[in-house]
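Please read the structure below before turning to the comments.
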Amino acid sequence: MTQVALITGGASGIGLSTAKLLLSKGWKVAIVDVNSAGEQSCREIKADFYKANVGEYSSLSQVFQQVWHNRAVFANAGIVEKLDFYEAFNTDLPPVIDVSVIDINLKSVISTSHLALHFLRNNRVSGGNLIITSSCGGIYPIIYLPMYASAKHGCAGLARSLAKPALQLGIQVNCICPASVSTGLLSKDEWDEFGQDHTPVENVARVVGNILEDESYVGQVVEIVQDKHFRRPPPEHWDSAMERVIKRTEAMSKL
Ligand SMILES: NC(=O)c1ccc[n+]([C@@H]2O[C@H](COP(=O)([O-])OP(=O)(O)OC[C@H]3O[C@@H](n4cnc5c(N)ncnc54)[C@H](O)[C@@H]3O)[C@@H](O)[C@H]2O)c1
């Protein structure tokens with residue numbers, strides 16, 4: 001049976017490059033994106049396109065229902081905040097802060113992951129993969145984009161936390177943390193700030209492809225920079241009391 005990958009945010013950048021790689025390996029690809037311009041790119045590469053906003057549960061879940069026999073879910077759609085967190089205001093209160101980057105980059109990733117576990121575990125195909133796109137901002141602080149970094153840290157925490165229970169359902173959960181990849185995410189001026197330090201988008205796609213083919217990836221947070229990638233272990237327990245606390249939470253899991 002043909003393997004199907006559902007890719008959110010697949011109309012451009014990392015998602016599109018991953019779609020091309022998987023198609024070249026014989027996968028069928030369903031792309032979910034809010035940008036209808038992506039329909040044309042999908043037609044060109046022979047992927048199926050579903051217009052949906054990952055932030056709207058009803059449209060996202062409808063796509064999952066339509067792409068029922070998926071074997072892999074790549075929760076990749078993302079944005080960056082456009083505001084300056086540090087802006088000063090000469091008013092009693094600052095205006096309500098726009099936290100849509102948390103809605104899309106974390107809350108929607110949680111919904112996508114929840115749907116992925118539901119559909120992958122009920123799948124007729126045995127096994128499955130959920131890969132979440134975090135960022136180097138999920139490992140390091142990003143002063144320029146503090147809310148983005150918060151969401152991406154959340155993505156890494158989600159992948160690590162889901163990994164063991166999901167494996168009991170035959171599902172591998174991992175996340176990728178790319179460094180600067182020149183895509184539609186930032187403006188040209190912003191990308192120019194990184195000088196030569198760019199990570200080719202095809203390298204990120206190749207790591208995603210490797211994860212899908214390698215059963216040893218479970219709960220990995222994979223840092224990707226230029227042509228290199230590293231598995232980032234979680235921090236060591238500070239002492240034996242902390243180790244016992246964390247072990248208890250594992251035992252408390254319902255799965
Ligand atoms: N480019 C980088 O340097 C970099 C580094 C680390 C992580 N990332 C992450 O990689 C992922 C992909 O980004 P990219 O760099 O390929 O940028 P991109 O802008 O080229 O691609 C993001 C895609 O997500 C789609 N999208 C945005 N909001 C959506 C929504 N609400 N519903 C559905 N689709 C939506 C966009 O239309 C776009 O096609 C993002 O999660 C981003 O945070 C990017």
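By convention here, the chains of the structure tokens are called A, B, ... in the order presented, each chain's residues are numbered starting at 1, and ligands are numbered starting at 1 in the order presented.
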Which chains and residue numbers are within 7 Å of ligand 1, counting only C-alpha atoms and all ligand atoms, if I want them as number ranges by chain? A: 8-15, 32-35, 38, 52-55, 76-80, 104-105, 133-136, 177-185
Go ahead and write the residues just picked, N, CA, C and O atoms, as a short mmCIF file (atom, residue, chain, number, x, y, z; two decimals), in the first residue's frame.
```cif
data_model
loop_
_atom_site.label_atom_id
_atom_site.label_comp_id
_atom_site.auth_asym_id
_atom_site.auth_seq_id
_atom_site.Cartn_x
_atom_site.Cartn_y
_atom_site.Cartn_z
N THR A 8 1.49 19.76 7.11
CA THR A 8 0.87 21.08 7.28
C THR A 8 1.92 22.15 6.92
O THR A 8 3.12 21.95 7.14
N GLY A 9 1.44 23.26 6.34
CA GLY A 9 2.37 24.30 5.91
C GLY A 9 3.26 23.79 4.79
O GLY A 9 4.43 24.17 4.68
N GLY A 10 2.69 22.95 3.92
CA GLY A 10 3.49 22.31 2.86
C GLY A 10 3.51 23.07 1.55
O GLY A 10 4.07 22.60 0.57
N ALA A 11 2.89 24.26 1.53
CA ALA A 11 2.82 24.99 0.27
C ALA A 11 4.11 25.72 -0.08
O ALA A 11 4.28 26.18 -1.20
N SER A 12 5.00 25.85 0.90
CA SER A 12 6.28 26.50 0.58
C SER A 12 7.35 26.03 1.54
O SER A 12 7.07 25.26 2.48
N GLY A 13 8.58 26.48 1.31
CA GLY A 13 9.69 26.27 2.23
C GLY A 13 9.96 24.82 2.60
O GLY A 13 10.01 23.93 1.75
N ILE A 14 10.12 24.59 3.91
CA ILE A 14 10.53 23.27 4.42
C ILE A 14 9.48 22.20 4.09
O ILE A 14 9.81 21.08 3.69
N GLY A 15 8.22 22.57 4.24
CA GLY A 15 7.14 21.60 3.96
C GLY A 15 7.12 21.19 2.50
O GLY A 15 7.00 19.99 2.19
N VAL A 32 -1.50 20.48 3.53
CA VAL A 32 -2.53 21.32 4.16
C VAL A 32 -1.91 22.70 4.33
O VAL A 32 -0.86 22.82 4.96
N ASP A 33 -2.55 23.69 3.75
CA ASP A 33 -1.97 25.04 3.89
C ASP A 33 -3.09 26.07 3.79
O ASP A 33 -4.09 25.87 3.10
N VAL A 34 -2.91 27.18 4.47
CA VAL A 34 -3.90 28.25 4.46
C VAL A 34 -3.76 29.10 3.20
O VAL A 34 -4.69 29.81 2.81
N ASN A 35 -2.61 28.98 2.55
CA ASN A 35 -2.32 29.81 1.39
C ASN A 35 -2.74 29.08 0.11
O ASN A 35 -2.10 28.11 -0.30
N GLY A 38 -0.60 27.90 -2.82
CA GLY A 38 0.11 26.63 -2.75
C GLY A 38 -0.51 25.56 -3.63
O GLY A 38 0.14 24.56 -3.94
N ALA A 52 -6.66 24.74 4.33
CA ALA A 52 -7.19 24.78 5.71
C ALA A 52 -6.24 25.59 6.58
O ALA A 52 -5.04 25.62 6.34
N ASN A 53 -6.86 26.22 7.57
CA ASN A 53 -6.08 26.95 8.57
C ASN A 53 -5.88 26.00 9.75
O ASN A 53 -6.87 25.55 10.36
N VAL A 54 -4.63 25.69 10.08
CA VAL A 54 -4.39 24.75 11.18
C VAL A 54 -4.93 25.27 12.52
O VAL A 54 -5.13 24.52 13.46
N GLY A 55 -5.18 26.58 12.56
CA GLY A 55 -5.72 27.17 13.78
C GLY A 55 -7.23 26.97 13.92
O GLY A 55 -7.80 27.32 14.95
N ASN A 76 4.06 21.06 10.61
CA ASN A 76 5.14 21.96 10.20
C ASN A 76 4.70 23.41 9.99
O ASN A 76 5.54 24.31 9.98
N ALA A 77 3.40 23.65 9.85
CA ALA A 77 2.95 25.03 9.56
C ALA A 77 3.43 25.97 10.67
O ALA A 77 3.39 25.63 11.85
N GLY A 78 3.88 27.15 10.27
CA GLY A 78 4.33 28.10 11.29
C GLY A 78 4.46 29.51 10.76
O GLY A 78 4.52 29.74 9.55
N ILE A 79 4.51 30.43 11.70
CA ILE A 79 4.64 31.86 11.39
C ILE A 79 5.62 32.46 12.41
O ILE A 79 6.02 31.78 13.35
N VAL A 80 5.98 33.72 12.21
CA VAL A 80 6.73 34.43 13.27
C VAL A 80 5.91 35.63 13.72
O VAL A 80 5.07 36.13 12.97
N ILE A 104 -0.76 29.47 16.44
CA ILE A 104 -0.40 28.67 15.26
C ILE A 104 0.77 27.73 15.56
O ILE A 104 0.72 26.55 15.22
N ASN A 105 1.80 28.24 16.21
CA ASN A 105 3.04 27.45 16.35
C ASN A 105 3.02 26.48 17.53
O ASN A 105 3.84 25.59 17.59
N THR A 133 7.74 20.28 13.58
CA THR A 133 8.80 21.26 13.29
C THR A 133 8.90 22.24 14.45
O THR A 133 8.03 23.08 14.64
N SER A 134 9.97 22.08 15.22
CA SER A 134 10.32 23.09 16.22
C SER A 134 11.30 24.02 15.53
O SER A 134 11.06 24.44 14.39
N SER A 135 12.40 24.34 16.13
CA SER A 135 13.35 25.32 15.57
C SER A 135 14.59 25.35 16.46
O SER A 135 14.54 24.86 17.60
N CYS A 136 15.66 25.97 15.96
CA CYS A 136 16.78 26.25 16.87
C CYS A 136 16.25 27.12 18.02
O CYS A 136 16.77 27.08 19.13
N CYS A 177 14.72 20.76 14.62
CA CYS A 177 15.05 22.13 15.05
C CYS A 177 16.04 22.74 14.07
O CYS A 177 17.26 22.77 14.34
N PRO A 178 15.53 23.21 12.93
CA PRO A 178 16.47 23.78 11.96
C PRO A 178 16.97 25.16 12.38
O PRO A 178 16.28 25.91 13.08
N ALA A 179 18.17 25.51 11.90
CA ALA A 179 18.68 26.88 12.02
C ALA A 179 18.14 27.66 10.82
O ALA A 179 17.18 27.23 10.19
N SER A 180 18.74 28.77 10.48
CA SER A 180 18.18 29.68 9.47
C SER A 180 18.11 29.05 8.07
O SER A 180 19.14 28.74 7.46
N VAL A 181 16.90 28.89 7.59
CA VAL A 181 16.63 28.32 6.27
C VAL A 181 15.90 29.42 5.49
O VAL A 181 14.79 29.83 5.90
N SER A 182 16.47 29.89 4.43
CA SER A 182 15.88 31.05 3.75
C SER A 182 14.57 30.66 3.04
O SER A 182 14.59 30.09 1.96
N THR A 183 13.47 30.91 3.69
CA THR A 183 12.14 30.57 3.16
C THR A 183 11.25 31.81 3.26
O THR A 183 11.73 32.90 3.55
N GLY A 184 9.95 31.61 3.10
CA GLY A 184 9.02 32.73 3.20
C GLY A 184 8.77 33.19 4.64
O GLY A 184 8.01 34.14 4.87
N LEU A 185 9.42 32.57 5.60
CA LEU A 185 9.14 32.86 7.01
C LEU A 185 9.53 34.28 7.40
O LEU A 185 8.81 34.94 8.15
#
```
Compile the contact shell of Ser111 (chain A) as a ChimeraX atom specification: residues with an atom at most 10 Å away, counting only C-alpha atoms, same-chain residues fewer than 5 positions apart removed. /A:54-57,60-61,75,104,106,116
When DSSP is applied to the backbone of this structure, which of region 126-253 of chain A are assigned strand (DSSP E)? Write them out as a VMD selection string. chain A and resid 128 to 133 171 to 178 221 to 225 228 to 231
Filtering to C-alpha atoms, could you give me those residues as a compact mmCIF listing (two decimals), in the first residue's frame?
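Wrote selection-v5.txt, looks like this:
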```txt
# COMPACT_ATOMS: atom_id res chain seq x y z
CA GLY A 128 3.27 5.64 11.97
CA ASN A 129 5.30 8.78 12.39
CA LEU A 130 4.60 12.20 13.80
CA ILE A 131 7.32 14.77 13.12
CA ILE A 132 6.93 18.23 14.61
CA THR A 133 8.80 21.26 13.29
CA ILE A 171 3.95 5.66 16.51
CA GLN A 172 7.35 7.40 16.48
CA VAL A 173 7.25 11.03 17.59
CA ASN A 174 10.20 13.34 16.97
CA CYS A 175 10.89 16.96 16.25
CA ILE A 176 13.29 18.90 14.09
CA CYS A 177 15.05 22.13 15.05
CA PRO A 178 16.47 23.78 11.96
CA VAL A 221 14.95 16.73 19.23
CA VAL A 222 17.08 17.02 16.11
CA GLU A 223 19.12 20.17 15.65
CA ILE A 224 19.87 20.88 11.98
CA VAL A 225 22.49 23.39 10.88
CA LYS A 228 24.91 18.66 9.90
CA HIS A 229 22.32 17.35 12.30
CA PHE A 230 22.53 16.28 15.94
CA ARG A 231 20.20 14.49 18.33
```
Using only C-alpha atoms, determine which residues lie at most 8 Å from region 137-149 of chain A, disregarding the query and same-chain residues fewer than 6 positions distant; provide the list as a compact mmCIF listing (two decimals) with N, CA, C and O atoms, in the first residue's frame.
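Written out: around_8.txt:
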```
# COMPACT_ATOMS: atom_id res chain seq x y z
N VAL A 80 5.98 33.72 12.21
CA VAL A 80 6.73 34.43 13.27
C VAL A 80 5.91 35.63 13.72
O VAL A 80 5.07 36.13 12.97
N GLU A 81 6.17 36.09 14.93
CA GLU A 81 5.48 37.29 15.39
C GLU A 81 6.01 38.50 14.62
O GLU A 81 7.18 38.56 14.26
N PHE A 85 8.26 42.92 20.94
CA PHE A 85 7.85 42.62 22.31
C PHE A 85 8.30 43.71 23.29
O PHE A 85 7.69 43.93 24.33
N VAL A 99 -0.98 37.25 20.41
CA VAL A 99 -0.26 35.99 20.66
C VAL A 99 -0.59 34.94 19.59
O VAL A 99 -0.53 33.74 19.85
N VAL A 101 1.09 33.90 17.26
CA VAL A 101 2.19 32.99 16.99
C VAL A 101 2.13 31.77 17.92
O VAL A 101 2.52 30.65 17.54
N ILE A 102 1.59 31.96 19.12
CA ILE A 102 1.40 30.82 20.04
C ILE A 102 0.24 29.95 19.53
O ILE A 102 0.30 28.72 19.56
N ASN A 105 1.80 28.24 16.21
CA ASN A 105 3.04 27.45 16.35
C ASN A 105 3.02 26.48 17.53
O ASN A 105 3.84 25.59 17.59
N CYS A 155 7.05 23.00 21.43
CA CYS A 155 7.01 21.91 20.44
C CYS A 155 8.01 20.81 20.80
O CYS A 155 7.70 19.61 20.70
N ALA A 156 9.21 21.22 21.23
CA ALA A 156 10.22 20.23 21.60
C ALA A 156 9.75 19.45 22.84
O ALA A 156 9.87 18.22 22.90
N CYS A 177 14.72 20.76 14.62
CA CYS A 177 15.05 22.13 15.05
C CYS A 177 16.04 22.74 14.07
O CYS A 177 17.26 22.77 14.34
```
Closest of A:Leu169, A:Leu162, A:Ala47, A:Ile211 to Ser253 (chain A) - atom-to-atom distances counting only C-alpha atoms: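 Using only C-alpha atoms, the shortest distance to Ser253 (chain A) belongs to A:Leu162.
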Tell me, which residues of region 121-184 of chain A carry DSSP alpha helix (DSSP H), written as a count of residues only? 24
May I ask for the distance between CA of Gly26 (chain A) and CA of Thr2 (chain A), given in Å to one decimal place?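 Those two atoms sit 7.5 Å apart.
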Quick check, in Å to one decimal: how far apart do CA of Phe194 (chain A) and CA of Val207 (chain A) lie?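 Taking CA of Phe194 (chain A) as the start and CA of Val207 (chain A) as the end point, the length is 21.8 Å.
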Would you compute the distance between CA of Pro233 (chain A) and CA of Leu255 (chain A)? Give it in Å to one decimal.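 Computing it gives 23.0 Å between the two atoms.
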